[in-house]
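Structure data follow from query.pdb (PDB, C-alpha atoms):
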ATOM      1  CA  MET A   1      71.551  87.984  65.120
ATOM      2  CA  PRO A   2      73.534  86.810  62.074
ATOM      3  CA  ASP A   3      73.405  83.134  61.196
ATOM      4  CA  GLN A   4      76.494  81.508  62.621
ATOM      5  CA  SER A   5      75.653  77.880  61.809
ATOM      6  CA  ASP A   6      79.045  77.658  60.117
ATOM      7  CA  ALA A   7      80.926  79.411  62.929
ATOM      8  CA  LEU A   8      83.926  77.054  62.996
ATOM      9  CA  THR A   9      84.221  77.136  59.214
ATOM     10  CA  ARG A  10      84.167  80.940  59.264
ATOM     11  CA  LEU A  11      86.781  81.070  62.008
ATOM     12  CA  VAL A  12      89.104  78.801  60.032
ATOM     13  CA  GLN A  13      88.455  80.696  56.796
ATOM     14  CA  GLU A  14      89.422  83.983  58.490
ATOM     15  CA  HIS A  15      92.949  82.611  58.925
ATOM     16  CA  VAL A  16      93.489  79.976  56.240
ATOM     17  CA  GLY A  17      93.360  80.046  52.448
ATOM     18  CA  ASP A  18      94.139  82.290  49.506
ATOM     19  CA  GLY A  19      95.036  85.798  50.646
ATOM     20  CA  ARG A  20      95.079  84.770  54.321
ATOM     21  CA  ALA A  21      97.932  84.488  56.807
ATOM     22  CA  LEU A  22      98.111  80.686  56.496
ATOM     23  CA  THR A  23      98.052  78.258  53.617
ATOM     24  CA  ILE A  24      96.225  74.971  54.148
ATOM     25  CA  ARG A  25      99.584  73.222  54.343
ATOM     26  CA  ALA A  26     100.985  75.665  56.931
ATOM     27  CA  PHE A  27      97.791  75.364  58.976
ATOM     28  CA  ALA A  28      97.962  71.562  58.923
ATOM     29  CA  LEU A  29     101.618  71.587  59.975
ATOM     30  CA  ALA A  30     100.947  73.970  62.882
ATOM     31  CA  ALA A  31      97.745  72.212  63.989
ATOM     32  CA  VAL A  32      99.073  70.049  66.806
ATOM     33  CA  ASP A  33      97.240  69.877  70.121
ATOM     34  CA  PRO A  34      99.822  70.877  72.749
ATOM     35  CA  ALA A  35      98.256  68.670  75.423
ATOM     36  CA  SER A  36      97.950  65.387  73.504
ATOM     37  CA  GLY A  37     100.149  65.778  70.448
ATOM     38  CA  THR A  38      97.150  65.072  68.207
ATOM     39  CA  SER A  39      97.507  66.635  64.780
ATOM     40  CA  ILE A  40      95.223  67.086  61.805
ATOM     41  CA  SER A  41      96.028  66.044  58.259
ATOM     42  CA  LYS A  42      96.259  68.359  55.282
ATOM     43  CA  SER A  43      93.038  66.724  54.072
ATOM     44  CA  THR A  44      91.240  67.551  57.333
ATOM     45  CA  ALA A  45      92.593  71.107  57.192
ATOM     46  CA  GLY A  46      91.215  71.440  53.661
ATOM     47  CA  ASN A  47      87.870  70.029  54.737
ATOM     48  CA  LEU A  48      87.663  72.590  57.549
ATOM     49  CA  VAL A  49      88.385  75.441  55.129
ATOM     50  CA  GLN A  50      85.782  74.145  52.670
ATOM     51  CA  GLY A  51      83.140  73.795  55.371
ATOM     52  CA  HIS A  52      82.910  70.012  55.263
ATOM     53  CA  SER A  53      82.107  68.189  58.485
ATOM     54  CA  VAL A  54      85.012  66.627  60.314
ATOM     55  CA  LYS A  55      85.126  64.410  63.376
ATOM     56  CA  ILE A  56      85.401  66.759  66.342
ATOM     57  CA  THR A  57      87.170  65.706  69.517
ATOM     58  CA  PRO A  58      88.704  67.836  72.268
ATOM     59  CA  GLU A  59      92.140  67.011  70.843
ATOM     60  CA  VAL A  60      91.150  68.066  67.315
ATOM     61  CA  LEU A  61      89.807  71.358  68.692
ATOM     62  CA  GLY A  62      93.121  71.851  70.514
ATOM     63  CA  ALA A  63      94.976  71.203  67.266
ATOM     64  CA  ILE A  64      92.772  73.668  65.355
ATOM     65  CA  ALA A  65      93.365  76.346  67.998
ATOM     66  CA  ALA A  66      97.117  75.780  67.876
ATOM     67  CA  GLY A  67      97.136  75.837  64.086
ATOM     68  CA  LEU A  68      95.172  79.081  63.944
ATOM     69  CA  GLY A  69      97.034  80.650  66.866
ATOM     70  CA  VAL A  70      93.803  81.522  68.661
ATOM     71  CA  PRO A  71      92.537  80.669  72.152
ATOM     72  CA  LEU A  72      91.101  77.174  72.551
ATOM     73  CA  ALA A  73      87.908  78.640  74.043
ATOM     74  CA  GLN A  74      87.258  80.559  70.811
ATOM     75  CA  VAL A  75      87.501  77.346  68.770
ATOM     76  CA  GLN A  76      85.358  75.427  71.274
ATOM     77  CA  LEU A  77      82.597  78.049  71.152
ATOM     78  CA  ALA A  78      82.644  78.119  67.351
ATOM     79  CA  ALA A  79      82.480  74.305  67.190
ATOM     80  CA  MET A  80      79.648  74.249  69.711
ATOM     81  CA  ARG A  81      77.678  76.693  67.596
ATOM     82  CA  GLN A  82      78.318  74.863  64.335
ATOM     83  CA  TYR A  83      78.040  71.260  65.472
ATOM     84  CA  VAL A  84      75.577  71.464  68.376
ATOM     85  CA  GLY A  85      73.593  74.597  67.521
ATOM     86  CA  VAL A  86      74.171  76.267  70.879
ATOM     87  CA  VAL A  87      75.690  79.659  71.601
ATOM     88  CA  VAL A  88      77.379  80.718  74.815
ATOM     89  CA  ASP A  89      77.141  84.411  75.555
ATOM     90  CA  ASP A  90      75.663  86.988  77.902
ATOM     91  CA  PRO A  91      72.172  87.668  76.544
ATOM     92  CA  PHE A  92      71.507  90.064  79.440
ATOM     93  CA  GLY A  93      74.384  92.514  79.004
ATOM     94  CA  THR A  94      75.349  91.996  82.647
ATOM     95  CA  ASP A  95      77.500  94.708  84.190
ATOM     96  CA  PRO A  96      80.502  92.989  85.784
ATOM     97  CA  GLY A  97      80.364  95.438  88.676
ATOM     98  CA  ASP A  98      83.120  95.614  91.243
ATOM     99  CA  ASP A  99      83.663  91.871  91.414
ATOM    100  CA  ASP A 100      84.227  91.323  87.660
ATOM    101  CA  THR A 101      81.421  88.792  87.419
ATOM    102  CA  VAL A 102      81.166  87.286  83.963
ATOM    103  CA  VAL A 103      77.853  85.805  82.856
ATOM    104  CA  ARG A 104      77.714  83.249  80.074
ATOM    105  CA  VAL A 105      74.644  81.233  79.257
ATOM    106  CA  ALA A 106      74.445  78.304  76.855
ATOM    107  CA  HIS A 107      71.246  78.735  74.868
ATOM    108  CA  ASP A 108      69.445  78.238  71.595
ATOM    109  CA  PRO A 109      70.578  81.072  69.301
ATOM    110  CA  ASP A 110      66.947  82.000  68.581
ATOM    111  CA  ARG A 111      66.286  82.788  72.249
ATOM    112  CA  ALA A 112      66.735  86.311  73.534
ATOM    113  CA  ALA A 113      66.999  87.571  77.101
ATOM    114  CA  GLU A 114      63.225  88.128  77.192
ATOM    115  CA  ASP A 115      62.710  84.415  76.532
ATOM    116  CA  MET A 116      64.703  83.417  79.619
ATOM    117  CA  PRO A 117      63.080  85.059  82.660
ATOM    118  CA  THR A 118      64.157  82.291  85.053
ATOM    119  CA  VAL A 119      67.773  82.583  83.969
ATOM    120  CA  ARG A 120      67.605  86.373  84.312
ATOM    121  CA  ALA A 121      66.179  86.021  87.832
ATOM    122  CA  PHE A 122      69.013  83.680  88.759
ATOM    123  CA  VAL A 123      71.678  86.014  87.354
ATOM    124  CA  GLU A 124      70.198  89.060  89.059
ATOM    125  CA  ARG A 125      69.491  87.371  92.412
ATOM    126  CA  PRO A 126      70.760  89.214  95.461
ATOM    127  CA  ARG A 127      73.951  87.750  96.829
ATOM    128  CA  SER A 128      73.800  86.582 100.399
ATOM    129  CA  ALA A 129      76.359  87.904 102.849
ATOM    130  CA  GLU A 130      79.183  85.435 103.350
TER
END
Could you write out this file's structure as structure tokens?
Amino acid sequence: MPDQSDALTRLVQEHVGDGRALTIRAFALAAVDPASGTSISKSTAGNLVQGHSVKITPEVLGAIAAGLGVPLAQVQLAAMRQYVGVVVDDPFGTDPGDDDTVVRVAHDPDRAAEDMPTVRAFVERPRSAE
């Protein structure tokens, strides 16, 4: 698994900077959380691009998502990986089956499916008839 300890920085850098769709200024202007109206400064936008730590709040993540034009969940997952060191994914490759079940597990990025037998047992448990 590639190191993603700078996942939020990488996500921002994919969209912002020289040769990218957005300049730092354009990103900062567009980065307004639609729910709260919270915005980020040009300085904060530059810090995000450069990989410097910034104060993360739900409103700041909403602003980043709006500024990048990506889903909020994508920004939240990247921030969780970078700032908390946790990934959220399906380490088991679960088939959604007929009911479109989606499995996501928050876990240490160094842990593989084999390291989580209890979680696997829970995910694969037979469903009781309702």
Inset, instruction - Rank A:Arg125, A:Ile24, A:Leu61, A:Asp89 by their smallest atom-to-atom distance to Ala113 of chain A, using only C-alpha atoms, and report the top residue only. - result: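 Closest to Ala113 of chain A, using only C-alpha atoms: A:Asp89.
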Inset, instruction - Would you translate the PyMOL selection byres ((chain A and resi 84) around 12) into the concrete set of residues it matches in this file, as a ChimeraX atom specification? - result: /A:4-8,56,76-83,85-88,106-109
Expected file: the selected residues, C-alpha atoms, as a PDB file, keeping the file's coordinate frame:
ATOM      1  CA  GLN A   4      76.494  81.508  62.621  1.00  0.00           C
ATOM      2  CA  SER A   5      75.653  77.880  61.809  1.00  0.00           C
ATOM      3  CA  ASP A   6      79.045  77.658  60.117  1.00  0.00           C
ATOM      4  CA  ALA A   7      80.926  79.411  62.929  1.00  0.00           C
ATOM      5  CA  LEU A   8      83.926  77.054  62.996  1.00  0.00           C
ATOM      6  CA  ILE A  56      85.401  66.759  66.342  1.00  0.00           C
ATOM      7  CA  GLN A  76      85.358  75.427  71.274  1.00  0.00           C
ATOM      8  CA  LEU A  77      82.597  78.049  71.152  1.00  0.00           C
ATOM      9  CA  ALA A  78      82.644  78.119  67.351  1.00  0.00           C
ATOM     10  CA  ALA A  79      82.480  74.305  67.190  1.00  0.00           C
ATOM     11  CA  MET A  80      79.648  74.249  69.711  1.00  0.00           C
ATOM     12  CA  ARG A  81      77.678  76.693  67.596  1.00  0.00           C
ATOM     13  CA  GLN A  82      78.318  74.863  64.335  1.00  0.00           C
ATOM     14  CA  TYR A  83      78.040  71.260  65.472  1.00  0.00           C
ATOM     15  CA  GLY A  85      73.593  74.597  67.521  1.00  0.00           C
ATOM     16  CA  VAL A  86      74.171  76.267  70.879  1.00  0.00           C
ATOM     17  CA  VAL A  87      75.690  79.659  71.601  1.00  0.00           C
ATOM     18  CA  VAL A  88      77.379  80.718  74.815  1.00  0.00           C
ATOM     19  CA  ALA A 106      74.445  78.304  76.855  1.00  0.00           C
ATOM     20  CA  HIS A 107      71.246  78.735  74.868  1.00  0.00           C
ATOM     21  CA  ASP A 108      69.445  78.238  71.595  1.00  0.00           C
ATOM     22  CA  PRO A 109      70.578  81.072  69.301  1.00  0.00           C
TER      23      PRO A 109
END
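What separates atom CA of Gly17 of chain A from atom CA of Pro58 of chain A is a distance of 23.7 Å.
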Mind giving me the axis-aligned box for segment 75-88 of chain A with 5 Å on every side, centre plus edges in Å to one decimal, as JSON?
{"center_x": 80.5, "center_y": 76.0, "center_z": 69.6, "size_x": 23.9, "size_y": 19.5, "size_z": 20.5}
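Comparing A:Gly19, A:Pro126, A:Pro34, A:Pro117 by their smallest distance to Ala65 of chain A, the closest is A:Pro34 (using all atoms listed in the file).
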Inset, instruction - Rank A:Val105, A:Ala73, A:Ala28, A:Val123 by their smallest atom-to-atom distance to Gly46 of chain A, using all atoms listed in the file, and report the top residue only. - result: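 Going through A:Val105, A:Ala73, A:Ala28, A:Val123 one by one, the smallest distance to Gly46 of chain A is for A:Ala28.
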Inset, instruction - Between atom CA of Asp18 of chain A and atom CA of Val60 of chain A, measure the distance and give it in Å to one decimal. - result: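 Taking atom CA of Asp18 of chain A as the start and atom CA of Val60 of chain A as the end point, the length is 23.0 Å.
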Legend entry - Cut-off 12 Å around (95.6, 79.1, 63.4) with only C-alpha atoms: residues as a PyMOL selection string: chain A and resi 8+11-17+20-33+45+48-49+61-72+74-75
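Taking atom CA of Asp95 of chain A as the reference point, atom CA of Asp115 of chain A is found at 19.6 Å.
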Inset, instruction - Go through A:Thr57, A:Glu124, A:Gly51, A:Arg111 one by one, measure the shortest atom-to-atom distance of each to Ser39 of chain A using all atoms listed in the file, and give the residue with the smallest value. - result: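 Looking only at the distances to Ser39 of chain A, the closest residue turns out to be A:Thr57.
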Legend entry - Best match for closeness to Val54 of chain A among A:Thr9, A:Gly37, A:Phe92, A:Arg104, counting all atoms listed in the file: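 Checking each of A:Thr9, A:Gly37, A:Phe92, A:Arg104 against Val54 of chain A, counting all atoms listed in the file, the winner is A:Thr9.
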Inset, instruction - Choose the residue, out of A:Ser41, A:Ser53, A:Asn47, A:Pro91, that has the smallest atom-to-atom separation from Glu114 of chain A; count all atoms listed in the file. - result: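 Among the listed residues, A:Pro91 lies closest to Glu114 of chain A.
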